[in-house]
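Engineer: So here's model_35.txt, just compact mmCIF, C-alpha atoms:
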# COMPACT_ATOMS: atom_id res chain seq x y z
CA MET A 442 51.12 30.72 -61.70
CA HIS A 443 50.63 34.16 -60.15
CA ILE A 444 53.76 35.87 -58.80
CA ASP A 445 53.39 37.39 -55.33
CA HIS A 446 55.07 40.80 -55.18
CA LYS A 447 54.81 41.31 -51.41
CA PRO A 448 58.25 40.08 -50.35
CA TYR A 449 59.80 42.89 -52.42
CA TYR A 450 57.08 45.39 -53.38
CA HIS A 451 53.37 46.07 -52.74
CA ASP A 452 51.23 47.01 -55.72
CA ARG A 453 49.80 50.52 -56.08
CA LEU A 454 46.18 50.83 -57.18
CA THR A 455 46.36 53.90 -59.43
CA THR A 456 48.86 55.94 -61.42
CA TRP A 457 48.38 58.70 -58.83
CA ASP A 458 49.57 56.33 -56.10
CA LEU A 459 52.60 55.39 -58.19
CA CYS A 460 53.59 59.00 -58.85
CA ARG A 461 53.05 59.95 -55.20
CA ASP A 462 55.43 57.27 -53.93
CA PHE A 463 57.79 57.32 -56.92
CA PRO A 464 57.75 60.78 -58.56
CA GLU A 465 60.06 59.52 -61.32
CA ASP A 466 57.21 57.25 -62.51
CA GLU A 467 55.44 60.15 -64.18
CA MET A 468 57.95 60.01 -67.03
CA TYR A 469 57.48 56.26 -67.57
CA ILE A 470 53.68 56.45 -67.31
CA ASN A 471 53.48 59.29 -69.84
CA GLY A 472 55.69 57.22 -72.13
CA LEU A 473 53.24 54.30 -71.94
CA HIS A 474 50.29 56.58 -72.76
CA ALA A 475 52.20 57.93 -75.74
CA MET A 476 53.00 54.40 -76.91
CA GLN A 477 49.30 53.46 -76.59
CA SER A 478 48.36 56.42 -78.82
CA HIS A 479 50.98 55.25 -81.32
CA PHE A 480 49.42 51.76 -81.36
CA TYR A 481 45.95 53.21 -81.94
CA THR A 482 47.24 55.36 -84.80
CA HIS A 483 48.91 52.39 -86.50
CA ASN A 484 46.09 49.91 -85.80
CA VAL A 485 48.22 47.72 -83.57
CA PRO A 486 45.87 45.50 -81.46
CA VAL A 487 47.57 46.02 -78.10
CA GLU A 488 45.93 47.47 -74.98
CA ILE A 489 48.41 48.66 -72.34
CA PRO A 490 47.24 48.15 -68.72
CA VAL A 491 49.47 50.95 -67.43
CA VAL A 492 49.10 50.33 -63.69
CA ARG A 493 49.67 46.59 -64.05
CA VAL A 494 52.76 47.13 -66.22
CA MET A 495 54.24 49.68 -63.81
CA ASN A 496 53.61 47.48 -60.77
CA ALA A 497 55.25 44.50 -62.48
CA ALA A 498 58.22 46.63 -63.57
CA HIS A 499 58.68 47.94 -60.03
CA PHE A 500 58.54 44.42 -58.62
CA LEU A 501 61.20 43.25 -61.09
CA LEU A 502 63.35 46.28 -60.33
CA ALA A 503 63.17 45.59 -56.58
CA TYR A 504 63.93 41.92 -57.27
CA VAL A 505 67.01 42.90 -59.31
CA PHE A 506 68.41 45.16 -56.57
CA GLN A 507 67.65 42.85 -53.61
CA THR A 508 68.83 39.53 -55.02
CA THR A 509 71.86 38.30 -56.88
CA CYS A 510 71.23 39.29 -60.48
CA SER A 511 71.54 35.96 -62.30
CA ASP A 512 72.46 35.65 -65.96
CA ASN A 513 69.35 33.56 -66.64
CA GLN A 514 67.16 35.72 -68.86
CA SER A 515 64.26 33.26 -68.69
CA GLU A 516 64.03 33.78 -64.89
CA TYR A 517 62.96 37.39 -65.42
CA ASP A 518 60.71 36.49 -68.34
CA VAL A 519 58.84 34.02 -66.09
CA LEU A 520 58.53 36.59 -63.28
CA ALA A 521 57.19 39.20 -65.70
CA TYR A 522 54.81 36.71 -67.33
CA GLY A 523 53.35 35.64 -63.98
CA SER A 524 53.08 39.25 -62.79
CA VAL A 525 50.90 40.53 -65.66
CA GLY A 526 48.36 37.71 -65.87
CA HIS A 527 50.08 35.44 -68.42
CA ASP A 528 49.77 37.88 -71.31
CA LYS A 529 52.88 37.66 -73.48
CA LYS A 530 52.41 41.05 -75.18
CA VAL A 531 52.00 42.81 -71.83
CA MET A 532 54.98 40.84 -70.50
CA LEU A 533 57.19 42.18 -73.31
CA LEU A 534 55.94 45.73 -72.62
CA THR A 535 56.87 45.25 -68.96
CA LEU A 536 60.38 44.17 -69.90
CA ILE A 537 60.68 47.19 -72.21
CA VAL A 538 59.74 49.53 -69.32
CA LEU A 539 62.14 47.67 -67.02
CA ALA A 540 64.96 48.10 -69.55
CA ALA A 541 64.23 51.85 -69.69
CA MET A 542 64.30 52.09 -65.88
CA LEU A 543 67.59 50.19 -65.64
CA LYS A 544 69.11 52.39 -68.36
CA ARG A 545 68.48 55.46 -66.20
CA THR A 546 69.56 53.89 -62.89
CA GLU A 547 73.13 54.39 -61.73
CA GLY A 548 75.12 51.36 -60.66
CA PHE A 549 76.98 48.32 -61.97
CA ARG A 550 74.15 45.89 -61.19
CA ALA A 551 71.64 47.97 -63.17
CA ARG A 552 73.90 47.96 -66.25
CA MET A 553 74.65 44.23 -65.95
CA CYS A 554 70.99 43.24 -65.63
CA ARG A 555 69.90 45.47 -68.51
CA ASN A 556 72.49 43.91 -70.81
CA MET A 557 71.27 40.45 -69.80
CA LEU A 558 67.60 41.36 -70.43
CA LEU A 559 68.33 42.72 -73.93
CA GLU A 560 70.52 39.85 -75.08
CA ASP A 561 69.31 37.74 -78.05
CA ARG A 562 65.83 39.27 -78.31
CA SER A 563 63.70 39.56 -81.44
CA GLU A 564 63.89 42.53 -83.75
CA ASP A 565 60.34 43.51 -82.73
CA PHE A 566 61.45 43.68 -79.11
CA TYR A 567 64.41 45.92 -79.95
CA ASP A 568 62.07 48.15 -82.02
CA GLY A 569 59.79 48.41 -78.97
CA VAL A 570 62.72 49.41 -76.73
CA SER A 571 63.76 52.13 -79.19
CA LEU A 572 60.19 53.35 -79.68
CA TYR A 573 59.53 53.63 -75.92
CA ASP A 574 62.79 55.54 -75.42
CA GLN A 575 61.57 58.09 -77.97
CA PHE A 576 58.43 58.72 -75.89
CA LEU A 577 60.35 59.44 -72.67
CA ASN A 578 60.72 63.19 -72.19
CA SER A 579 63.72 63.20 -69.84
CA GLU A 580 66.32 61.17 -71.70
CA GLU A 581 69.21 62.45 -69.57
CA LYS A 582 67.50 62.03 -66.18
CA HIS A 583 69.08 59.37 -63.94
CA PHE A 584 68.11 57.79 -60.64
CA ALA A 585 69.78 55.90 -57.80
CA GLU A 586 68.85 52.34 -56.81
CA GLU A 587 67.40 53.53 -53.49
CA ASP A 588 64.88 55.72 -55.38
CA PHE A 589 63.01 52.51 -56.29
CA LEU A 590 63.35 50.65 -52.95
CA LEU A 591 60.81 52.55 -50.83
CA ASP A 592 58.94 49.39 -49.78
CA THR A 593 62.16 47.59 -48.88
CA HIS A 594 63.35 50.46 -46.70
CA ASN A 595 60.00 50.60 -44.89
CA ARG A 596 60.10 46.85 -44.28
CA LEU A 597 63.69 46.99 -42.95
CA GLN A 598 62.85 49.89 -40.65
CA LYS A 599 59.86 47.97 -39.30
CA LEU A 600 62.01 44.88 -38.71
CA ALA A 601 64.68 47.01 -36.99
CA ALA A 602 62.06 48.56 -34.71
CA GLU A 603 60.63 45.14 -33.87
CA ASN A 604 64.14 43.81 -33.14
CA GLU A 605 64.88 46.78 -30.89
CA GLN A 606 61.62 46.20 -28.99
CA LEU A 607 62.42 42.49 -28.55
CA THR A 608 65.92 43.36 -27.29
CA TYR A 609 64.46 45.77 -24.75
CA GLU A 610 61.84 43.25 -23.57
CA ASN A 611 64.53 40.58 -23.24
CA SER A 612 66.68 42.86 -21.07
CA GLN A 613 63.65 43.61 -18.89
CA LEU A 614 62.99 39.90 -18.44
CA LYS A 615 66.60 39.30 -17.43
CA ASN A 616 66.38 42.03 -14.78
CA ALA A 617 62.99 40.89 -13.46
CA PRO A 618 64.24 38.16 -11.01
CA SER A 619 66.74 40.45 -9.24
CA THR A 620 64.18 43.27 -9.10
CA MET A 621 61.55 40.98 -7.54
CA GLU A 622 64.15 39.68 -5.05
CA GLU A 623 65.01 43.22 -3.94
CA LYS A 624 61.33 44.12 -3.50
CA TYR A 625 60.64 40.91 -1.58
CA THR A 626 63.61 41.58 0.72
CA GLN A 627 62.33 45.08 1.42
CA ILE A 628 58.88 43.69 2.30
CA ILE A 629 60.35 41.08 4.71
CA GLY A 630 62.58 43.71 6.34
CA THR A 631 59.63 46.07 6.83
CA GLN A 632 57.52 43.27 8.31
CA TYR A 633 60.32 42.37 10.74
CA LYS A 634 60.51 45.95 12.04
CA GLN A 635 56.73 46.16 12.47
CA ASP A 636 56.48 42.81 14.30
CA ASN A 637 59.45 43.65 16.49
CA ASN A 638 57.82 46.92 17.57
CA GLN A 639 54.63 45.02 18.40
CA GLY A 640 56.50 42.50 20.55
CA THR A 641 56.43 39.55 18.13
CA ILE A 642 59.63 37.53 18.45
CA TYR A 643 61.03 35.35 15.66
CA ASN A 644 64.36 34.93 13.96
CA ALA A 645 63.72 37.47 11.20
CA PRO A 646 67.41 38.26 10.52
CA VAL A 647 67.97 34.63 9.57
CA THR A 648 65.09 34.85 7.10
CA ILE A 649 66.50 38.02 5.56
CA GLN A 650 69.98 36.48 5.33
CA TYR A 651 68.50 33.45 3.51
CA ILE A 652 66.62 35.52 0.93
CA THR A 653 69.47 37.79 -0.07
CA ASN A 654 72.94 38.60 1.17
CA PRO A 655 73.00 42.13 2.70
CA VAL A 656 76.76 42.37 2.26
CA GLU A 657 76.48 41.68 -1.45
CA GLN A 658 73.66 44.20 -1.76
CA ASN A 659 75.71 46.92 -0.12
CA THR A 660 78.88 46.30 -2.14
CA SER A 661 77.38 45.90 -5.61
CA GLU A 662 75.11 48.10 -7.65
CA PRO A 663 72.03 46.84 -9.54
CA LYS A 664 72.94 45.70 -13.01
CA GLN A 665 71.51 47.94 -15.72
CA THR A 666 71.19 47.19 -19.39
CA TYR A 667 70.55 49.61 -22.18
CA SER A 668 69.26 49.20 -25.69
CA GLU A 669 71.51 50.03 -28.60
CA LYS A 670 69.65 53.28 -29.17
CA GLU A 671 70.04 54.34 -25.51
CA GLN A 672 73.80 53.67 -25.66
CA VAL A 673 74.15 56.00 -28.62
CA ASN A 674 72.00 58.70 -26.96
CA SER A 675 73.97 58.47 -23.69
CA THR A 676 77.08 59.85 -25.42
CA LYS A 677 75.23 62.58 -27.28
CA THR A 678 76.15 65.26 -24.74
CA ALA A 679 79.87 64.63 -25.36
CA LYS A 680 79.60 65.14 -29.11
CA LYS A 681 79.49 68.17 -31.30
CA SER A 682 76.36 68.33 -33.42
CA ALA A 683 76.18 68.76 -37.18
CA ALA A 684 74.76 72.27 -36.66
CA GLU A 685 78.15 73.46 -35.35
CA TYR A 686 79.71 72.61 -38.71
CA GLU A 687 76.99 74.03 -40.98
CA ASP A 688 79.27 76.86 -42.01
CA ILE A 689 81.72 74.20 -43.27
CA LEU A 690 79.40 71.37 -44.33
CA SER A 691 75.72 71.71 -45.18
CA ILE A 692 73.33 69.08 -43.81
CA PRO A 693 72.43 66.58 -46.59
CA ASN A 694 68.97 66.71 -48.13
CA LYS A 695 66.48 64.10 -46.95
CA GLY A 696 66.90 60.75 -48.70
CA LYS A 697 70.03 61.80 -50.63
CA TYR A 698 72.49 59.14 -49.51
CA THR A 699 75.23 60.19 -51.91
CA GLU A 700 75.26 63.53 -50.04
CA VAL A 701 75.27 61.66 -46.70
CA ARG A 702 78.23 59.52 -47.77
CA LYS A 703 80.20 62.57 -48.91
CA TYR A 704 79.26 64.40 -45.69
CA ILE A 705 80.71 61.57 -43.60
CA GLU A 706 83.91 61.51 -45.65
CA GLU A 707 84.43 65.28 -45.42
CA ARG A 708 83.60 65.62 -41.73
CA CYS A 709 86.05 62.86 -40.83
CA LYS A 710 88.81 65.02 -42.29
CA PHE A 711 88.53 67.71 -39.60
CA ASP A 712 86.35 66.35 -36.77
CA GLU A 713 88.49 63.86 -34.81
CA GLU A 714 85.69 62.89 -32.42
CA PHE A 715 83.35 62.12 -35.34
CA LYS A 716 86.11 60.19 -37.16
CA GLU A 717 86.72 58.05 -34.07
CA PHE A 718 82.95 57.46 -33.67
CA VAL A 719 82.69 56.24 -37.30
CA ALA A 720 85.65 53.89 -36.80
CA LYS A 721 84.45 52.35 -33.54
CA HIS A 722 80.68 52.10 -34.07
CA THR A 723 78.40 50.17 -36.38
CA ARG A 724 76.57 51.69 -39.31
CA VAL A 725 73.30 51.33 -37.35
CA GLU A 726 74.73 53.44 -34.51
CA LEU A 727 76.17 55.97 -36.98
CA CYS A 728 72.77 56.34 -38.68
CA MET A 729 71.07 56.82 -35.30
CA ARG A 730 73.47 59.66 -34.54
CA LEU A 731 73.06 61.27 -37.96
CA THR A 732 69.26 61.00 -37.62
CA GLU A 733 69.49 63.05 -34.40
CA GLU A 734 71.80 65.62 -36.01
CA PHE A 735 70.11 65.93 -39.42
CA GLY A 736 66.52 65.96 -38.20
CA TRP A 737 65.43 63.27 -40.70
CA ASP A 738 65.57 59.47 -40.59
CA VAL A 739 68.88 58.18 -41.98
CA ASP A 740 68.36 54.57 -43.13
CA GLU A 741 71.37 52.29 -42.57
CA HIS A 742 70.45 49.97 -45.47
CA ALA A 743 70.21 52.78 -48.03
CA LEU A 744 73.48 54.30 -46.78
CA GLY A 745 75.18 50.88 -46.99
CA VAL A 746 73.98 50.38 -50.57
CA ASN A 747 75.40 53.78 -51.53
CA MET A 748 78.72 53.17 -49.76
CA ASN A 749 79.16 49.72 -51.33
CA ARG A 750 78.41 51.10 -54.78
CA ASN A 751 81.09 53.79 -54.43
CA ARG A 752 83.94 51.74 -52.97
Write the structure described by the file as structure tokens, please.

Structural biologist:
Amino acid sequence: MHIDHKPYYHDRLTTWDLCRDFPEDEMYINGLHAMQSHFYTHNVPVEIPVVRVMNAAHFLLAYVFQTTCSDNQSEYDVLAYGSVGHDKKVMLLTLIVLAAMLKRTEGFRARMCRNMLLEDRSEDFYDGVSLYDQFLNSEEKHFAEEDFLLDTHNRLQKLAAENEQLTYENSQLKNAPSTMEEKYTQIIGTQYKQDNNQGTIYNAPVTIQYITNPVEQNTSEPKQTYSEKEQVNSTKTAKKSAAEYEDILSIPNKGKYTEVRKYIEERCKFDEEFKEFVAKHTRVELCMRLTEEFGWDVDEHALGVNMNRNR
């Protein structure tokens, strides 16, 4: 049984692709090359398909962070086994790399899943975990969960954009009947004036009265609907931008959601308008505003993950 990675992660074709999208992968890839050299030196008959191992480890990591991390160790063994072509040795290498990734990832879920993966393994497996750790150059380097969820963020952003487009199209469809009625009324009224000037006599006012009520048209304004994004932008002129507070708070670096979370907390302490906006609006609306102010795309899912982890 082959495991499809697409719901959580799409495979990269080369180590260059992996390092481009996940710069932290360079450390893990170099560790695998060093382990391969060790196997050659000690005549261990194991060939490490580096790209396949890294893709499988990334898939498992995304699976861990996007689903409820169960305490069933065999579930992850089966996923790893199906991801690397049913090769048990390569499966164990994948789990060793996954354990190293989880060790250097901040968060309760990462620690819990790593402990579950390492429980009741063979001595050879534990030796492999220790050996691989020795080949990793940056022992003290740590990462956040969102550093490994690039594909998930892209998928969520695409879904959000599609949902926004559907909402807009739905509002346009709701407005279409009244808009057509207004245009049709205008056409009938114009035709009545032209025929009246030419001497044609018919009860045009009755026709106009039947199509639409002039009194209602004069006393009510056309209903307008706005998308969620337009509602946020419509209040932008009444807000102070992040640039006005740069001397107090620096704008967070792109993709650093711990900095974004701390920025929100600090700004709420002295900016009453911003504090009220945070309290009365959704995280989606808050991220739209911060995107405008920061000049880079603030993802609501990544921010939510960071906030939940630091409650």

Engineer: If you measure from CA of Ala743 in chain A to CA of Gln507 in chain A, what distance in Å do you get, rounded to one decimal?

Structural biologist: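 Separation between CA of Ala743 in chain A and CA of Gln507 in chain A: 11.7 Å.
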
Engineer: Restricting the calculation to only C-alpha atoms: of A:Lys695, A:Lys544, A:Arg550, A:His443, which residue gets closest to Tyr522 in chain A?

Structural biologist: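 Smallest separation from Tyr522 in chain A among the options: A:His443.
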
Engineer: Which residue is closest to Glu488 in chain A? Choose from A:Ser524, A:Ser515, A:Ser563, A:Lys530 and count all atoms listed in the file.

Structural biologist: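 Answer, going by the shortest atom-to-atom distance: A:Lys530.
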
Engineer: Which residues, protein or nucleic acid, reach to within 10 Å of (59.0, 57.3, -64.8) in the file's coordinates when using all atoms listed in the file, and can you give that as a list of chain:residue names?

Structural biologist: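 Every residue inside that radius is included here: A:Leu459, A:Cys460, A:Phe463, A:Pro464, A:Glu465, A:Asp466, A:Glu467, A:Met468, A:Tyr469, A:Ile470, A:Asn471, A:Gly472, A:Leu473, A:Met495, A:Val538, A:Ala541, A:Met542, A:Arg545, A:Leu577, A:Asn578, A:Ser579, A:Lys582.
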
Engineer: To one decimal place, how far is CA of Leu727 in chain A from CA of Leu690 in chain A in Å?

Structural biologist: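 Spanning CA of Leu727 in chain A to CA of Leu690 in chain A is a straight-line distance of 17.4 Å.
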
Engineer: Residues within 9 Å of Asn694 in chain A, please, as a ChimeraX atom specification. Count only C-alpha atoms; anything in the same chain fewer than 6 positions from it doesn't count.

Structural biologist: /A:700-701,735,737

Engineer: Just checking: using all atoms listed in the file, which residue out of A:Gly696, A:Asp458, A:Leu572, A:Cys709 ends up closest to Thr732 in chain A?

Structural biologist: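 Comparing A:Gly696, A:Asp458, A:Leu572, A:Cys709 against Thr732 in chain A, the winner is A:Gly696.
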
Engineer: Just to confirm, what's the straight-line distance from CA of Pro448 in chain A to CA of Leu520 in chain A in Å (one decimal)?

Structural biologist: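 That distance, rounded to one decimal, is 13.4 Å.
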
Engineer: Between A:Arg555, A:Glu717, A:Gly548, A:Lys710, which is the closest to Asn751 in chain A once you count all atoms listed in the file?

Structural biologist: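 Under the stated criterion, the closest residue is A:Gly548.
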
Engineer: Given all atoms listed in the file as the basis, pick out the residue of A:Leu607, A:Leu614, A:Val570, A:Val525 nearest to Ala540 in chain A.

Structural biologist: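 Answer, going by the shortest atom-to-atom distance: A:Val570.
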
Engineer: Please identify all polymer residues within 12 Å of Glu560 in chain A, counting only C-alpha atoms, omitting same-chain residues fewer than 6 positions from it, and present them as JSON, numbers by chain.

Structural biologist: {"A": [512, 513, 514, 515, 540, 553, 554, 566, 567]}

Engineer: Give me, as a PyMOL selection string, all polymer residues having an atom no more than 12 Å from Ile692 in chain A, counting all atoms listed in the file and skipping those fewer than 5 positions away in the same chain.

Structural biologist: chain A and resi 682-687+697-698+700-705+707-708+731-737+739

Engineer: Which of these residues is nearest to Gly569 in chain A, using all atoms listed in the file: A:His527, A:Met476, A:His742, A:Arg493?

Structural biologist: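 Residue with the minimum atom-to-atom distance to Gly569 in chain A: A:Met476.
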
Engineer: Extract range 700-711 of chain A from the structure I just pasted (atoms: all heavy atoms) and return it as a compact mmCIF listing (two decimals), in the first residue's frame.

Structural biologist:
# COMPACT_ATOMS: atom_id res chain seq x y z
N GLU A 700 7.06 36.69 16.95
CA GLU A 700 7.21 38.14 16.97
C GLU A 700 5.86 38.83 16.74
O GLU A 700 5.55 39.84 17.36
CB GLU A 700 8.22 38.59 15.92
CG GLU A 700 9.63 38.08 16.15
CD GLU A 700 10.60 38.55 15.07
OE1 GLU A 700 10.22 39.45 14.28
OE2 GLU A 700 11.72 38.02 14.99
N VAL A 701 5.04 38.26 15.84
CA VAL A 701 3.71 38.85 15.56
C VAL A 701 2.84 38.79 16.81
O VAL A 701 2.17 39.75 17.17
CB VAL A 701 3.03 38.11 14.40
CG1 VAL A 701 1.61 38.65 14.20
CG2 VAL A 701 3.83 38.27 13.12
N ARG A 702 2.85 37.62 17.49
CA ARG A 702 2.05 37.48 18.70
C ARG A 702 2.48 38.49 19.78
O ARG A 702 1.63 39.16 20.39
CB ARG A 702 2.19 36.04 19.24
CG ARG A 702 1.53 35.84 20.60
CD ARG A 702 1.66 34.38 21.05
NE ARG A 702 3.01 33.89 21.04
CZ ARG A 702 3.91 34.15 22.00
NH1 ARG A 702 3.58 34.89 23.05
NH2 ARG A 702 5.12 33.65 21.92
N LYS A 703 3.78 38.63 19.97
CA LYS A 703 4.27 39.57 20.97
C LYS A 703 3.97 41.01 20.57
O LYS A 703 3.67 41.87 21.41
CB LYS A 703 5.77 39.37 21.18
CG LYS A 703 6.11 38.03 21.84
CD LYS A 703 7.61 37.87 22.02
CE LYS A 703 7.94 36.54 22.71
NZ LYS A 703 9.40 36.35 22.87
N TYR A 704 4.03 41.29 19.26
CA TYR A 704 3.69 42.63 18.76
C TYR A 704 2.25 42.98 19.12
O TYR A 704 1.96 44.07 19.59
CB TYR A 704 3.89 42.67 17.25
CG TYR A 704 3.48 43.99 16.60
CD1 TYR A 704 4.39 45.02 16.43
CD2 TYR A 704 2.18 44.19 16.18
CE1 TYR A 704 4.01 46.23 15.86
CE2 TYR A 704 1.78 45.39 15.60
CZ TYR A 704 2.70 46.41 15.44
OH TYR A 704 2.31 47.59 14.88
N ILE A 705 1.33 42.04 18.88
CA ILE A 705 -0.08 42.27 19.18
C ILE A 705 -0.27 42.55 20.67
O ILE A 705 -0.98 43.47 21.07
CB ILE A 705 -0.92 41.06 18.73
CG1 ILE A 705 -0.88 40.91 17.21
CG2 ILE A 705 -2.37 41.20 19.21
CD1 ILE A 705 -1.48 39.63 16.70
N GLU A 706 0.38 41.71 21.50
CA GLU A 706 0.24 41.88 22.95
C GLU A 706 0.75 43.24 23.41
O GLU A 706 0.10 43.93 24.21
CB GLU A 706 1.01 40.77 23.66
CG GLU A 706 0.41 39.37 23.43
CD GLU A 706 1.30 38.26 23.97
OE1 GLU A 706 2.43 38.59 24.45
OE2 GLU A 706 0.89 37.08 23.92
N GLU A 707 1.91 43.66 22.90
CA GLU A 707 2.50 44.93 23.33
C GLU A 707 1.71 46.13 22.82
O GLU A 707 1.48 47.10 23.55
CB GLU A 707 3.96 45.03 22.84
CG GLU A 707 4.90 44.04 23.52
CD GLU A 707 4.96 44.25 25.02
OE1 GLU A 707 5.02 45.43 25.44
OE2 GLU A 707 4.93 43.28 25.76
N ARG A 708 1.27 46.07 21.57
CA ARG A 708 0.55 47.22 21.01
C ARG A 708 -0.79 47.43 21.70
O ARG A 708 -1.24 48.56 21.85
CB ARG A 708 0.36 47.03 19.51
CG ARG A 708 -0.30 48.23 18.82
CD ARG A 708 -0.19 48.16 17.33
NE ARG A 708 -1.00 49.15 16.67
CZ ARG A 708 -1.13 49.27 15.35
NH1 ARG A 708 -0.46 48.46 14.56
NH2 ARG A 708 -1.91 50.18 14.82
N CYS A 709 -1.41 46.35 22.13
CA CYS A 709 -2.69 46.47 22.84
C CYS A 709 -2.55 47.21 24.16
O CYS A 709 -3.53 47.74 24.70
CB CYS A 709 -3.28 45.07 23.09
SG CYS A 709 -4.04 44.31 21.63
N LYS A 710 -1.32 47.27 24.68
CA LYS A 710 -1.11 47.94 25.96
C LYS A 710 -1.21 49.46 25.87
O LYS A 710 -1.52 50.12 26.86
CB LYS A 710 0.27 47.55 26.53
CG LYS A 710 0.37 46.07 26.91
CD LYS A 710 1.76 45.73 27.43
CE LYS A 710 1.87 44.25 27.78
NZ LYS A 710 3.25 43.90 28.26
N PHE A 711 -0.95 50.03 24.67
CA PHE A 711 -0.96 51.49 24.57
C PHE A 711 -1.82 52.02 23.42
O PHE A 711 -2.08 53.22 23.35
CB PHE A 711 0.48 52.03 24.44
CG PHE A 711 1.22 51.54 23.22
CD1 PHE A 711 1.05 52.13 21.98
CD2 PHE A 711 2.09 50.46 23.32
CE1 PHE A 711 1.72 51.67 20.87
CE2 PHE A 711 2.77 49.99 22.21
CZ PHE A 711 2.58 50.61 20.98
